[in-house]
Every structure is written in C-alpha cells, then in structure tokens.
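Student: Just dropping this structure here.
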Amino acid sequence: MKYLLRTILVLAIFLGMGCDCEGYWDEEPEYKSCRLTDVQLHHMNNEGKQLIEATSTGVKKEAYLLRIDLITDSLLSTYNYDFYKLEDGIIKLNINTVNALNQDYPAGADVTTCFKNYPGQTELQIWDSTQKGDTIDVITGSKIYLALRTIPKAGSHSFRVTLTLASGRKIERETTPVILN
Amino acid sequence: MKKIILLILIFLPIILKAQTEETLYRYIDLSRGININLSNPQFDNSIGLLSGTQTISSFIKGRFSYFFNSRWGTYADLKFYFVTFSESNLSNFLPKIYENPYYKFDEFTINEKHATLGDLTIGATYRIENKNWSVRPRIGFGIGEVAGRSTRFSVKENGTNNIYKINYLAGNKFLDVIDLPIIKTGINLNYKIDELNLSLDIGYTQFIKKVSYTYQVKDAYTEKIIDNKKIYSKALPSNLDIGLGLGLNF
C-alpha cells in the first residue's frame with residue numbers, strides 16, 4: 001500500500017530501461033602520499049556558537065574540547081580537493097590525564113574514552129577512527145576535535161596525547177595546563 | 001406461449017449481440033488544467049508547513065472508462081500535477097525545548113522547490129446523455145501523493161558540548177512524496193462530435209489520512225534516540241482540479 005503508486009511507476013520505467021552501474025562505486029581516488037611529522041595540541045572553548053581557542057581565564061568544564069593538529073609534510077588547506085594518505089597510519093590515539101580528572105580518573109589514568117569525536121561544525125576536521133578500531137590513514141583534514149564528555153572536577157588540567165603509528169613509532173605530546181571551571 | 005419462447009430463443013443471440021454493440025462503450029479522456037490545493041498550510045502545524053505547496057498548480061490527467069450498459073461503468077484515472085513548495089522558515093520546526101539557549105546549525109533540507117505528484121484512482125461512473133451532450137459523474141478510491149520534505153538539523157546547547165540531531169522524516173525515510181489513500185469524485189461534461197468529445201473535467205480529491213512525519217531527536221555523539229514520535233498534520237489535504245480536454249469514444 002505504501003508507496004505503491006511510485007513502485008508501479010518505477011517498475012514501469014525500469015521495464016523499459018537497463019542500468020549499467022558496474023564498477024562505478026569501485027573506483028578508488030588517487031591518493032597523494034604524506035608523512036606525519038609532528039602533533040600540536042590546543043585547548044578549545046565550546047561555550048558559544050563557534051569553537052574558539054581557550055584563553056588563560058579557562059574554559060567551562062562542560063564545554064572543553066581538545067584539538068589535535070596533525071602536522072604533515074604536505075600542506076592541507078581548507079579548499080583542498082586532493083586525497084592524502086599517511087604512509088604510516090595512526091593505529092592508536094591515547095589520552096592520559098596528568099592531574100586527576102575527577103574521582104573516577106586519578107592522575108595518570110587513561111581518559112581516551114572520555115573524549116568523543118566532535119559532531120559540530122569545524123574546519124579541516126578529520127575523525128578519530130581509532131575509537132572504532134580503524135586506522136587513520138586517509139586524511140582530508142588535519143585537525144582532530146575531541147569533546148570531553150565526562151565532567152571533570154574544577155581546577156587546572158593537562159593531558160598527555162600518545163599517537164601510535166602502524167610502524168610502531170610513537171609521538172607523545174603534553175598539553176599546557178588549562179583551567180576548567 | 002411456446003412459440004414466443006421459441007422466438008426469443010432463436011433471436012436471443014441477435015438480441016444479445018445488439019445490446020452488446022449498443023452498450024459496450026469505452027472512453028479515453030485526456031485533460032489538462034489547474035489544480036487547486038484546498039488545504040492552506042499557513043494555518044497548519046509544522047508538518048502541514050513541511051508538506052505545504054502553493055495553491056495553484058497545473059495538472060495533466062488520463063482516464064479510461066468502460067461502460068457495462070448504457071448507464072453504469074467503471075474507470076481508472078491517473079493524474080499528475082506539478083507543485084511548487086510553499087516558502088518555509090526552518091525556525092518554525094525547532095521544538096520549544098530546543099530554543100534558547102541552543103544554537104541551530106547543519107541544516108539539511110528544503111533544497112527542493114518543485115515536485116511532481118500523482119494519484120491513481122479506480123471507481124464507478126454513470127452516464128447521462130443525449131445526441132450531442134453527455135454528463136459522466138464518477139466516484140472512486142485510490143492512492144494519492146502528498147509532497148513531503150524531510151528535514152534535519154542539529155542544535156548545540158549553549159555553554160556545553162551537547163549536540164542534538166533533530167529529524168523530521170516524511171513517512172520514515174527521506175522521500176519527497178508520501179502516499180496516502182484518497183476518495184475522489186468528479187464530473188465530466190462532454191460535447192460530442194462523432195467519436196470525439198470536447199470535455200470540461202472537474203475533480204475533487206479528498207485524502208482520508210493525515211500526513212505523518214517521524215520526529216526524532218538523537219544524541220549526536222552516540223546516535224542514541226532520545227525522543228521518537230509520530231506527528232500528524234492538523235488538516236486532511238484536499239485538491240480541486242478543473243481542466244479542459246479531449247475524449248475518444250469507441
């Protein structure tokens with residue numbers, strides 16, 4: 001009953017035509033190869049409509065976001081329509097808290113699961129697919145935005161980010177302290 | 001008496017044949033004209049607005065009628081009309097609880113300006129005619145289409161990282177039409193020129209089910225559904241069509 005009319009019409013149209021879509025979706029884009037050289041960490045303030053870089057006055061603890069900038073030997077720009085692929089993909093992204101995050105996460109604890117990919121509007125964003133067990137290798141942007149989804153205790157916090165690459169190489173960086181209030 | 005029965009039996013095939021020849025009438029009618037949307041979306045809720053189209057549009061229609069005798073017949077009718085969506089402001093669809101202190105972004109919808117809708121009806125028709133004129137009223141049931149624009153947007157809560165996705169899905173999917181049952185009545189006034197008819201065709205379509213949308217709110221991080229319900233339009237859609245056409249009687 002539902003969509004019956006459309007179904008009849010579509011069937012009638014399909015009776016008279018063929019479709020040769022074979023191979024259309026199988027085409028892989030041509031990737032440009034690049035290498036991850038460094039990582040930069042930024043504290044972001046998400047209190048308002050737009051994300052802004054955190055200032056020394058701190059960030060509301062429900063609106064904190066960690067931005068991880070991937071520095072590669074290729075320049076990724078906003079209007080880049082090329083597809084880049086990391087020669088040495090990121091297989092793991094770990095975040096540890098330097099100070100106690102809250103009662104559940106003491107100093108040094110792994111707080112990776114407390115951060116989630118930010119689904120809001122951002123620029124040059126790439127998704128942290130390691131959260132689903134995938135490798136980050138095809139990159140169409142250079143910034144990973146991770147929203148803190150666990151409410152931390154008020155105070156000064158800093159985080160240590162460790163990227164593990166497919167080759168086994170690790171890149172480890174620590175944020176500057178940020179006041180979450 | 002026996003003679004009479006015998007005479008009837010002898011002439012029965014001829015009588016039947018004569019009746020058959022006289023009563024087997026088929027019509028093909030084609031018409032074109034204006035379709036008037038009688039449900040004014042301005043006085044409806046958000047669903048009525050999402051599926052609302054401008055009042056006047058054009059239509060084409062084809063109908064095949066078959067008469068069993070000199071009076072009664074059956075017909076099948078297919079109509080297409082070309083609608084333009086009413087202007088809609090998405091802010092009308094933001095539920096009250098997601099107004100301030102939320103920010104709206106990531107809208108996905110209402111790119112479509114036009115849609116082609118159709119309805120298919122089968123039913124009964126009656127014929128009154130003299131030498132030059134004939135009138136054929138009809139009533140039937142069928143399926144009609146209503147324009148439906150699914151819309152989706154996200155809201156971000158002020159002061160937090162919370163983001164919610166709000167969906168209004170036509171039917172259950174992102175389709176631009178929704179099929180609903182209809183009752184359709186109409187009348188066809190014909191001026192006969194041999195086998196050809198010049199006709200004025202008037203039809204009224206009454207949808208007998210309200211337009212429904214699935215309203216859904218999801219947590220953008222986890223895709224967990226927070227709210228899910230069906231929302232119905234206030235009014236039952238209805239259309240009036242008036243057209244001129246040509247018919248063939250054979």
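Each chain in the structure tokens gets a letter, A, B, ..., in the order shown, and its residues are numbered from 1; ligands are numbered from 1 in order too.
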Determine, for each residue of chain B having at least one atom at most 10 Å from an atom of chain A, the closest pair of atoms and their separation in Å to one decimal, counting only C-alpha atoms; order by chain and ascending number, as CSV.
Tutor:
residue,atom,partner,partner_atom,distance
B:Pro101,CA,A:Gly48,CA,9.7
B:Tyr102,CA,A:Lys49,CA,8.4
B:Tyr103,CA,A:Lys49,CA,6.1
B:Lys104,CA,A:Lys49,CA,8.6
B:Phe105,CA,A:Gln121,CA,7.9
B:Asp106,CA,A:Gln121,CA,7.5
B:Leu117,CA,A:Arg6,CA,9.7
B:Gly118,CA,A:Leu5,CA,8.0
B:Asp119,CA,A:Leu5,CA,7.5
B:Leu120,CA,A:Leu5,CA,7.1
B:Gly142,CA,A:Leu5,CA,9.4
B:Ile143,CA,A:Leu5,CA,6.8
B:Gly144,CA,A:Leu5,CA,7.9
B:Glu145,CA,A:Leu5,CA,8.3
B:Ser154,CA,A:Gly120,CA,8.2
B:Val155,CA,A:Gly120,CA,8.9
B:Lys156,CA,A:Lys49,CA,7.4
B:Glu157,CA,A:Glu47,CA,8.4
B:Asn158,CA,A:Gly48,CA,5.7
B:Gly159,CA,A:Glu47,CA,3.9
B:Thr160,CA,A:Ala63,CA,4.2
B:Asn161,CA,A:Ala63,CA,4.9
B:Asn162,CA,A:Ala63,CA,8.3
B:Ile163,CA,A:Gly120,CA,7.1
B:Tyr164,CA,A:Pro119,CA,9.3
B:Lys165,CA,A:Pro119,CA,9.7
B:Gly171,CA,A:Lys2,CA,9.3
B:Val177,CA,A:Tyr3,CA,8.5
B:Ile178,CA,A:Tyr3,CA,7.1
B:Asp179,CA,A:Tyr3,CA,5.3
B:Leu180,CA,A:Lys2,CA,7.5
B:Pro181,CA,A:Met1,CA,8.7
B:Asp219,CA,A:Pro119,CA,9.9
B:Ala220,CA,A:Pro119,CA,6.2
B:Tyr221,CA,A:Pro119,CA,6.5
B:Thr222,CA,A:Lys116,CA,9.0
Student: Would you mind exporting C-alpha atoms of the selected residues as a CSV table (one decimal), in the first residue's frame?
Tutor:
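So the final result, stored in result-v3.csv, reads:
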chain,number,residue,atom,x,y,z
B,101,PRO,CA,19.9,28.5,24.9
B,102,TYR,CA,20.6,26.4,21.8
B,103,TYR,CA,22.3,27.2,18.6
B,104,LYS,CA,20.9,25.7,15.4
B,105,PHE,CA,23.3,24.6,12.6
B,106,ASP,CA,23.9,21.9,10.0
B,117,LEU,CA,2.8,14.4,-7.6
B,118,GLY,CA,0.4,11.8,-8.9
B,119,ASP,CA,-2.8,10.0,-7.9
B,120,LEU,CA,-4.3,6.8,-9.2
B,142,GLY,CA,-7.1,5.2,-4.8
B,143,ILE,CA,-3.7,6.4,-3.8
B,144,GLY,CA,-2.6,10.0,-3.9
B,145,GLU,CA,0.7,11.6,-3.2
B,154,SER,CA,21.4,20.0,14.7
B,155,VAL,CA,21.3,22.1,17.8
B,156,LYS,CA,24.2,22.9,20.1
B,157,GLU,CA,23.5,23.7,23.7
B,158,ASN,CA,24.9,26.9,24.9
B,159,GLY,CA,27.7,26.5,27.4
B,160,THR,CA,28.2,22.8,26.9
B,161,ASN,CA,29.5,20.3,24.3
B,162,ASN,CA,26.0,18.8,23.9
B,163,ILE,CA,24.7,18.5,20.4
B,164,TYR,CA,21.4,17.0,19.3
B,165,LYS,CA,20.2,16.0,15.9
B,171,GLY,CA,7.0,8.7,6.3
B,177,VAL,CA,6.4,12.2,-1.5
B,178,ILE,CA,4.1,10.4,0.9
B,179,ASP,CA,1.4,8.0,-0.4
B,180,LEU,CA,-2.0,8.3,1.2
B,181,PRO,CA,-5.4,6.8,0.5
B,219,ASP,CA,22.4,12.5,20.8
B,220,ALA,CA,24.9,13.5,18.1
B,221,TYR,CA,27.8,11.7,19.9
B,222,THR,CA,26.2,8.4,20.5
Student: Neighbours of A:Ala107 within 6 Å (only C-alpha atoms; same-chain residues fewer than 6 positions away dropped), as a CSV table (one decimal) with C-alpha atoms, in the first residue's frame?
Tutor:
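Writing done, so here's out-v8.csv:
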chain,number,residue,atom,x,y,z
A,97,THR,CA,45.3,12.8,32.3
A,98,VAL,CA,48.3,14.4,34.1
A,99,ASN,CA,46.2,15.5,37.1
A,100,ALA,CA,43.2,13.7,38.5
Student: To one decimal place, how far is atom CA of B:Asn69 from atom CA of B:Asn249 in Å?
Tutor: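 Atom CA of B:Asn249 lies 14.4 Å from atom CA of B:Asn69.
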Student: Please identify all polymer residues within 9 Å of A:Leu101, counting only C-alpha atoms, omitting same-chain residues fewer than 2 positions from it, and present them as number ranges by chain.
Tutor: A: 97-99, 103-107, 109, 111, 150-154, 157
Student: Could you write out that same residue set with N, CA and C atoms as an mmCIF file, in the first residue's frame?
Tutor:
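Output file out-v7.cif follows:
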data_model
loop_
_atom_site.group_PDB
_atom_site.id
_atom_site.type_symbol
_atom_site.label_atom_id
_atom_site.label_comp_id
_atom_site.auth_asym_id
_atom_site.auth_seq_id
_atom_site.Cartn_x
_atom_site.Cartn_y
_atom_site.Cartn_z
ATOM 1 N N THR A 97 45.355 11.600 31.542
ATOM 2 C CA THR A 97 45.260 12.846 32.300
ATOM 3 C C THR A 97 46.495 12.978 33.201
ATOM 4 N N VAL A 98 47.064 14.164 33.238
ATOM 5 C CA VAL A 98 48.265 14.381 34.054
ATOM 6 C C VAL A 98 47.848 14.561 35.513
ATOM 7 N N ASN A 99 46.784 15.376 35.707
ATOM 8 C CA ASN A 99 46.226 15.532 37.065
ATOM 9 C C ASN A 99 44.959 14.674 37.142
ATOM 10 N N GLN A 103 36.869 11.945 40.360
ATOM 11 C CA GLN A 103 37.035 10.817 41.305
ATOM 12 C C GLN A 103 37.348 9.500 40.575
ATOM 13 N N ASP A 104 36.753 9.329 39.409
ATOM 14 C CA ASP A 104 36.912 8.063 38.675
ATOM 15 C C ASP A 104 38.233 7.960 37.941
ATOM 16 N N TYR A 105 38.819 9.094 37.630
ATOM 17 C CA TYR A 105 40.053 9.083 36.831
ATOM 18 C C TYR A 105 41.173 9.812 37.586
ATOM 19 N N PRO A 106 42.002 9.054 38.326
ATOM 20 C CA PRO A 106 43.103 9.680 39.074
ATOM 21 C C PRO A 106 44.225 10.136 38.136
ATOM 22 N N ALA A 107 45.204 10.815 38.691
ATOM 23 C CA ALA A 107 46.334 11.313 37.894
ATOM 24 C C ALA A 107 46.979 10.159 37.133
ATOM 25 N N ALA A 109 45.656 8.446 34.710
ATOM 26 C CA ALA A 109 44.685 7.478 34.173
ATOM 27 C C ALA A 109 44.468 7.689 32.676
ATOM 28 N N VAL A 111 42.237 8.381 29.831
ATOM 29 C CA VAL A 111 40.918 9.026 29.716
ATOM 30 C C VAL A 111 40.465 9.097 28.242
ATOM 31 N N THR A 150 33.066 13.676 29.764
ATOM 32 C CA THR A 150 32.976 13.368 31.196
ATOM 33 C C THR A 150 33.235 14.683 31.925
ATOM 34 N N ILE A 151 32.400 14.984 32.903
ATOM 35 C CA ILE A 151 32.567 16.272 33.586
ATOM 36 C C ILE A 151 33.777 16.174 34.536
ATOM 37 N N PRO A 152 34.794 17.005 34.302
ATOM 38 C CA PRO A 152 35.957 16.960 35.185
ATOM 39 C C PRO A 152 35.723 17.794 36.458
ATOM 40 N N LYS A 153 36.584 17.590 37.443
ATOM 41 C CA LYS A 153 36.487 18.467 38.622
ATOM 42 C C LYS A 153 37.094 19.815 38.249
ATOM 43 N N ALA A 154 36.634 20.851 38.921
ATOM 44 C CA ALA A 154 37.151 22.192 38.615
ATOM 45 C C ALA A 154 38.614 22.280 39.009
ATOM 46 N N HIS A 157 44.045 21.426 34.580
ATOM 47 C CA HIS A 157 44.178 20.091 33.983
ATOM 48 C C HIS A 157 45.135 20.138 32.805
#
Student: Between A:Ser129, A:Thr55, A:Thr72, A:Asn96, which one has atoms that come closest to A:Ser33, using only C-alpha atoms?
Tutor: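 Selected residue with least distance to A:Ser33: A:Thr72.
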